Amino acid sequence: MKKTSELIWQDKQHQVLFELIDQINGKEVDARIFRQLFEYAENHFTMEEEYMKKLDFPGTKKHIRAHNKFRSELKSMMQDYKSYDDIFRQALSEFLSEWLKGHIFGVDKKLEEFILNSPYK
Ligand SMILES: [Fe+2]
Ligand SMILES: [Fe+2]
């Protein structure tokens, strides 16, 4: 049974990422926002991973691999950047938009449905 109208912690955390992307698209990119993004991702991924393990979610390994790929790509962007110019900002914005389409609207939705139908939401 599907329960899609309920708002759970996962949705609220995804909202934070939408806001960060808006700031980046609005050219507000500096070291502070990068740090926020990094901390946000780490906290959010850790929480999703804890739930997946606790609930024995069938796609856990694959989902964690996707998080790890994001973690390492973001880290290398942080290490490689020289200045927050338009090229950098655009690359970061594209990277996050791809993540939205491919991960948040994809596998995270499957996880959401699983959590909503579990006793631990
Ligand atoms: Fe997520
Ligand atoms: Fe995820």
# chains A, B, ... in the order shown; residues from 1 in each chain; ligands from 1
call {"tool": "residues_around", "arguments": {"residues": "segment 107-114 of chain A", "least_positions_apart": "3", "cutoff": "9 Å", "atoms": "only C-alpha atoms", "output": "VMD selection string"}}
result
chain A and resid 2 to 4 8 10 to 11 48 52 55 57 59 63 102 to 104 117 to 118
call {"tool": "select_by_dssp", "arguments": {"residues": "segment 1-100 of chain A", "states": "alpha helix (DSSP H)", "output": "PyMOL selection string"}}
result
chain A and resi 9-25+31-55+60-80+86-99
call {"tool": "closest_residue", "arguments": {"among": "A:Glu19, A:Lys27, A:Arg32, A:Met47", "to": "ligand 2", "atoms": "only C-alpha atoms and all ligand atoms"}}
result
A:Met47
call {"tool": "closest_residue", "arguments": {"among": "A:Gly106, A:Lys53, A:Asp22, A:Asp86", "to": "ligand 1", "atoms": "only C-alpha atoms and all ligand atoms"}}
result
A:Gly106
call {"tool": "atom_distance", "arguments": {"atom1": "atom CA of Leu37 of chain A", "atom2": "atom CA of Leu74 of chain A"}}
result
9.0 Å
call {"tool": "closest_residue", "arguments": {"among": "A:Asp30, A:Glu39, A:Glu49, A:Glu73", "to": "ligand 1", "atoms": "only C-alpha atoms and all ligand atoms"}}
result
A:Glu49
call {"tool": "residues_around", "arguments": {"residues": "His67 of chain A", "least_positions_apart": "4", "cutoff": "9 Å", "atoms": "only C-alpha atoms", "output": "list in words"}}
result
Ala41, Phe45, Lys62, His63, Arg71 and Ser72 of chain A
call {"tool": "residues_around", "arguments": {"residues": "Asn25 of chain A", "least_positions_apart": "5", "cutoff": "10 Å", "atoms": "only C-alpha atoms", "output": "JSON, numbers by chain"}}
result
{"A": [19, 20, 86, 89, 90, 92, 93, 94]}
call {"tool": "closest_residue", "arguments": {"among": "A:Lys61, A:His14, A:His44, A:Lys75", "to": "Leu100 of chain A", "atoms": "only C-alpha atoms"}}
result
A:His14
call {"tool": "closest_residue", "arguments": {"among": "A:Gln23, A:Thr60, A:Ser97, A:Gln79", "to": "ligand 2", "atoms": "only C-alpha atoms and all ligand atoms"}}
result
A:Thr60
call {"tool": "closest_residue", "arguments": {"among": "A:Trp99, A:Leu116, A:Ala31, A:Ile24", "to": "ligand 1", "atoms": "only C-alpha atoms and all ligand atoms"}}
result
A:Trp99
call {"tool": "decode", "arguments": {"residues": "segment 51-65 of chain A", "atoms": "all heavy atoms", "output": "PDB file, in the first residue's frame"}}
result
ATOM      1  N   TYR A  51      18.827   4.114   8.320  1.00  0.00           N
ATOM      2  CA  TYR A  51      17.471   3.573   8.118  1.00  0.00           C
ATOM      3  C   TYR A  51      17.501   2.327   7.238  1.00  0.00           C
ATOM      4  O   TYR A  51      16.828   1.340   7.515  1.00  0.00           O
ATOM      5  CB  TYR A  51      16.548   4.627   7.496  1.00  0.00           C
ATOM      6  CG  TYR A  51      15.783   5.411   8.540  1.00  0.00           C
ATOM      7  CD1 TYR A  51      16.407   6.429   9.252  1.00  0.00           C
ATOM      8  CD2 TYR A  51      14.451   5.131   8.823  1.00  0.00           C
ATOM      9  CE1 TYR A  51      15.721   7.147  10.219  1.00  0.00           C
ATOM     10  CE2 TYR A  51      13.755   5.837   9.795  1.00  0.00           C
ATOM     11  CZ  TYR A  51      14.405   6.851  10.485  1.00  0.00           C
ATOM     12  OH  TYR A  51      13.720   7.549  11.443  1.00  0.00           O
ATOM     13  N   MET A  52      18.285   2.387   6.171  1.00  0.00           N
ATOM     14  CA  MET A  52      18.336   1.239   5.254  1.00  0.00           C
ATOM     15  C   MET A  52      18.821  -0.004   5.980  1.00  0.00           C
ATOM     16  O   MET A  52      18.274  -1.092   5.795  1.00  0.00           O
ATOM     17  CB  MET A  52      19.258   1.547   4.072  1.00  0.00           C
ATOM     18  CG  MET A  52      18.641   2.477   3.062  1.00  0.00           C
ATOM     19  SD  MET A  52      19.613   2.578   1.550  1.00  0.00           S
ATOM     20  CE  MET A  52      20.816   3.821   1.975  1.00  0.00           C
ATOM     21  N   LYS A  53      19.831   0.170   6.825  1.00  0.00           N
ATOM     22  CA  LYS A  53      20.383  -0.977   7.554  1.00  0.00           C
ATOM     23  C   LYS A  53      19.382  -1.487   8.583  1.00  0.00           C
ATOM     24  O   LYS A  53      19.154  -2.694   8.701  1.00  0.00           O
ATOM     25  CB  LYS A  53      21.700  -0.590   8.227  1.00  0.00           C
ATOM     26  CG  LYS A  53      22.846  -0.475   7.222  1.00  0.00           C
ATOM     27  CD  LYS A  53      24.097   0.044   7.892  1.00  0.00           C
ATOM     28  CE  LYS A  53      25.181   0.391   6.869  1.00  0.00           C
ATOM     29  NZ  LYS A  53      26.225   1.245   7.462  1.00  0.00           N
ATOM     30  N   LYS A  54      18.774  -0.550   9.297  1.00  0.00           N
ATOM     31  CA  LYS A  54      17.821  -0.928  10.341  1.00  0.00           C
ATOM     32  C   LYS A  54      16.621  -1.678   9.748  1.00  0.00           C
ATOM     33  O   LYS A  54      16.118  -2.629  10.322  1.00  0.00           O
ATOM     34  CB  LYS A  54      17.340   0.348  11.046  1.00  0.00           C
ATOM     35  CG  LYS A  54      16.555   0.109  12.309  1.00  0.00           C
ATOM     36  CD  LYS A  54      16.519   1.344  13.192  1.00  0.00           C
ATOM     37  CE  LYS A  54      15.688   2.469  12.592  1.00  0.00           C
ATOM     38  NZ  LYS A  54      15.627   3.651  13.447  1.00  0.00           N
ATOM     39  N   LEU A  55      16.190  -1.229   8.566  1.00  0.00           N
ATOM     40  CA  LEU A  55      14.989  -1.823   7.953  1.00  0.00           C
ATOM     41  C   LEU A  55      15.315  -2.960   6.995  1.00  0.00           C
ATOM     42  O   LEU A  55      14.411  -3.524   6.391  1.00  0.00           O
ATOM     43  CB  LEU A  55      14.213  -0.746   7.184  1.00  0.00           C
ATOM     44  CG  LEU A  55      13.692   0.433   7.990  1.00  0.00           C
ATOM     45  CD1 LEU A  55      13.097   1.484   7.075  1.00  0.00           C
ATOM     46  CD2 LEU A  55      12.658  -0.033   8.991  1.00  0.00           C
ATOM     47  N   ASP A  56      16.605  -3.250   6.826  1.00  0.00           N
ATOM     48  CA  ASP A  56      17.000  -4.298   5.892  1.00  0.00           C
ATOM     49  C   ASP A  56      16.453  -4.015   4.482  1.00  0.00           C
ATOM     50  O   ASP A  56      15.894  -4.891   3.826  1.00  0.00           O
ATOM     51  CB  ASP A  56      16.482  -5.652   6.403  1.00  0.00           C
ATOM     52  CG  ASP A  56      17.504  -6.736   6.185  1.00  0.00           C
ATOM     53  OD1 ASP A  56      18.601  -6.419   5.676  1.00  0.00           O
ATOM     54  OD2 ASP A  56      17.205  -7.900   6.500  1.00  0.00           O
ATOM     55  N   PHE A  57      16.624  -2.791   4.048  1.00  0.00           N
ATOM     56  CA  PHE A  57      16.154  -2.366   2.720  1.00  0.00           C
ATOM     57  C   PHE A  57      16.865  -3.175   1.635  1.00  0.00           C
ATOM     58  O   PHE A  57      18.103  -3.277   1.652  1.00  0.00           O
ATOM     59  CB  PHE A  57      16.447  -0.868   2.578  1.00  0.00           C
ATOM     60  CG  PHE A  57      16.086  -0.250   1.260  1.00  0.00           C
ATOM     61  CD1 PHE A  57      14.766  -0.223   0.834  1.00  0.00           C
ATOM     62  CD2 PHE A  57      17.065   0.321   0.455  1.00  0.00           C
ATOM     63  CE1 PHE A  57      14.422   0.361  -0.373  1.00  0.00           C
ATOM     64  CE2 PHE A  57      16.735   0.909  -0.763  1.00  0.00           C
ATOM     65  CZ  PHE A  57      15.404   0.925  -1.166  1.00  0.00           C
ATOM     66  N   PRO A  58      16.128  -3.731   0.671  1.00  0.00           N
ATOM     67  CA  PRO A  58      16.754  -4.621  -0.324  1.00  0.00           C
ATOM     68  C   PRO A  58      17.842  -3.963  -1.187  1.00  0.00           C
ATOM     69  O   PRO A  58      18.754  -4.635  -1.634  1.00  0.00           O
ATOM     70  CB  PRO A  58      15.591  -5.099  -1.193  1.00  0.00           C
ATOM     71  CG  PRO A  58      14.350  -4.635  -0.547  1.00  0.00           C
ATOM     72  CD  PRO A  58      14.670  -3.648   0.517  1.00  0.00           C
ATOM     73  N   GLY A  59      17.755  -2.653  -1.441  1.00  0.00           N
ATOM     74  CA  GLY A  59      18.751  -2.005  -2.301  1.00  0.00           C
ATOM     75  C   GLY A  59      19.868  -1.304  -1.545  1.00  0.00           C
ATOM     76  O   GLY A  59      20.500  -0.403  -2.089  1.00  0.00           O
ATOM     77  N   THR A  60      20.116  -1.709  -0.314  1.00  0.00           N
ATOM     78  CA  THR A  60      21.050  -0.971   0.546  1.00  0.00           C
ATOM     79  C   THR A  60      22.449  -0.808  -0.049  1.00  0.00           C
ATOM     80  O   THR A  60      22.967   0.317  -0.133  1.00  0.00           O
ATOM     81  CB  THR A  60      21.159  -1.644   1.937  1.00  0.00           C
ATOM     82  OG1 THR A  60      19.868  -1.655   2.538  1.00  0.00           O
ATOM     83  CG2 THR A  60      22.108  -0.883   2.850  1.00  0.00           C
ATOM     84  N   LYS A  61      23.051  -1.915  -0.479  1.00  0.00           N
ATOM     85  CA  LYS A  61      24.450  -1.839  -0.960  1.00  0.00           C
ATOM     86  C   LYS A  61      24.591  -0.895  -2.151  1.00  0.00           C
ATOM     87  O   LYS A  61      25.509  -0.075  -2.209  1.00  0.00           O
ATOM     88  CB  LYS A  61      24.946  -3.237  -1.358  1.00  0.00           C
ATOM     89  CG  LYS A  61      25.475  -4.001  -0.167  1.00  0.00           C
ATOM     90  CD  LYS A  61      26.139  -5.276  -0.611  1.00  0.00           C
ATOM     91  CE  LYS A  61      26.591  -6.061   0.613  1.00  0.00           C
ATOM     92  NZ  LYS A  61      26.913  -7.458   0.295  1.00  0.00           N
ATOM     93  N   LYS A  62      23.676  -1.030  -3.107  1.00  0.00           N
ATOM     94  CA  LYS A  62      23.726  -0.211  -4.311  1.00  0.00           C
ATOM     95  C   LYS A  62      23.518   1.270  -3.962  1.00  0.00           C
ATOM     96  O   LYS A  62      24.181   2.154  -4.497  1.00  0.00           O
ATOM     97  CB  LYS A  62      22.633  -0.686  -5.276  1.00  0.00           C
ATOM     98  CG  LYS A  62      22.894  -0.337  -6.708  1.00  0.00           C
ATOM     99  CD  LYS A  62      21.832  -0.921  -7.606  1.00  0.00           C
ATOM    100  CE  LYS A  62      21.915  -0.253  -8.970  1.00  0.00           C
ATOM    101  NZ  LYS A  62      20.679  -0.361  -9.722  1.00  0.00           N
ATOM    102  N   HIS A  63      22.601   1.511  -3.048  1.00  0.00           N
ATOM    103  CA  HIS A  63      22.282   2.883  -2.641  1.00  0.00           C
ATOM    104  C   HIS A  63      23.495   3.520  -1.947  1.00  0.00           C
ATOM    105  O   HIS A  63      23.854   4.664  -2.221  1.00  0.00           O
ATOM    106  CB  HIS A  63      21.057   2.849  -1.714  1.00  0.00           C
ATOM    107  CG  HIS A  63      20.342   4.160  -1.580  1.00  0.00           C
ATOM    108  ND1 HIS A  63      18.980   4.274  -1.670  1.00  0.00           N
ATOM    109  CD2 HIS A  63      20.809   5.410  -1.345  1.00  0.00           C
ATOM    110  CE1 HIS A  63      18.640   5.546  -1.504  1.00  0.00           C
ATOM    111  NE2 HIS A  63      19.736   6.260  -1.305  1.00  0.00           N
ATOM    112  N   ILE A  64      24.142   2.760  -1.085  1.00  0.00           N
ATOM    113  CA  ILE A  64      25.326   3.291  -0.390  1.00  0.00           C
ATOM    114  C   ILE A  64      26.464   3.549  -1.390  1.00  0.00           C
ATOM    115  O   ILE A  64      27.187   4.537  -1.270  1.00  0.00           O
ATOM    116  CB  ILE A  64      25.769   2.355   0.761  1.00  0.00           C
ATOM    117  CG1 ILE A  64      24.690   2.353   1.859  1.00  0.00           C
ATOM    118  CG2 ILE A  64      27.111   2.792   1.360  1.00  0.00           C
ATOM    119  CD1 ILE A  64      24.945   1.415   3.021  1.00  0.00           C
ATOM    120  N   ARG A  65      26.576   2.674  -2.393  1.00  0.00           N
ATOM    121  CA  ARG A  65      27.604   2.906  -3.422  1.00  0.00           C
ATOM    122  C   ARG A  65      27.364   4.236  -4.135  1.00  0.00           C
ATOM    123  O   ARG A  65      28.302   4.977  -4.417  1.00  0.00           O
ATOM    124  CB  ARG A  65      27.615   1.761  -4.441  1.00  0.00           C
ATOM    125  CG  ARG A  65      28.579   0.643  -4.080  1.00  0.00           C
ATOM    126  CD  ARG A  65      28.999  -0.174  -5.305  1.00  0.00           C
ATOM    127  NE  ARG A  65      27.866  -0.742  -6.034  1.00  0.00           N
ATOM    128  CZ  ARG A  65      27.271  -1.901  -5.706  1.00  0.00           C
ATOM    129  NH1 ARG A  65      27.688  -2.603  -4.678  1.00  0.00           N
ATOM    130  NH2 ARG A  65      26.256  -2.354  -6.417  1.00  0.00           N
TER     131      ARG A  65
END
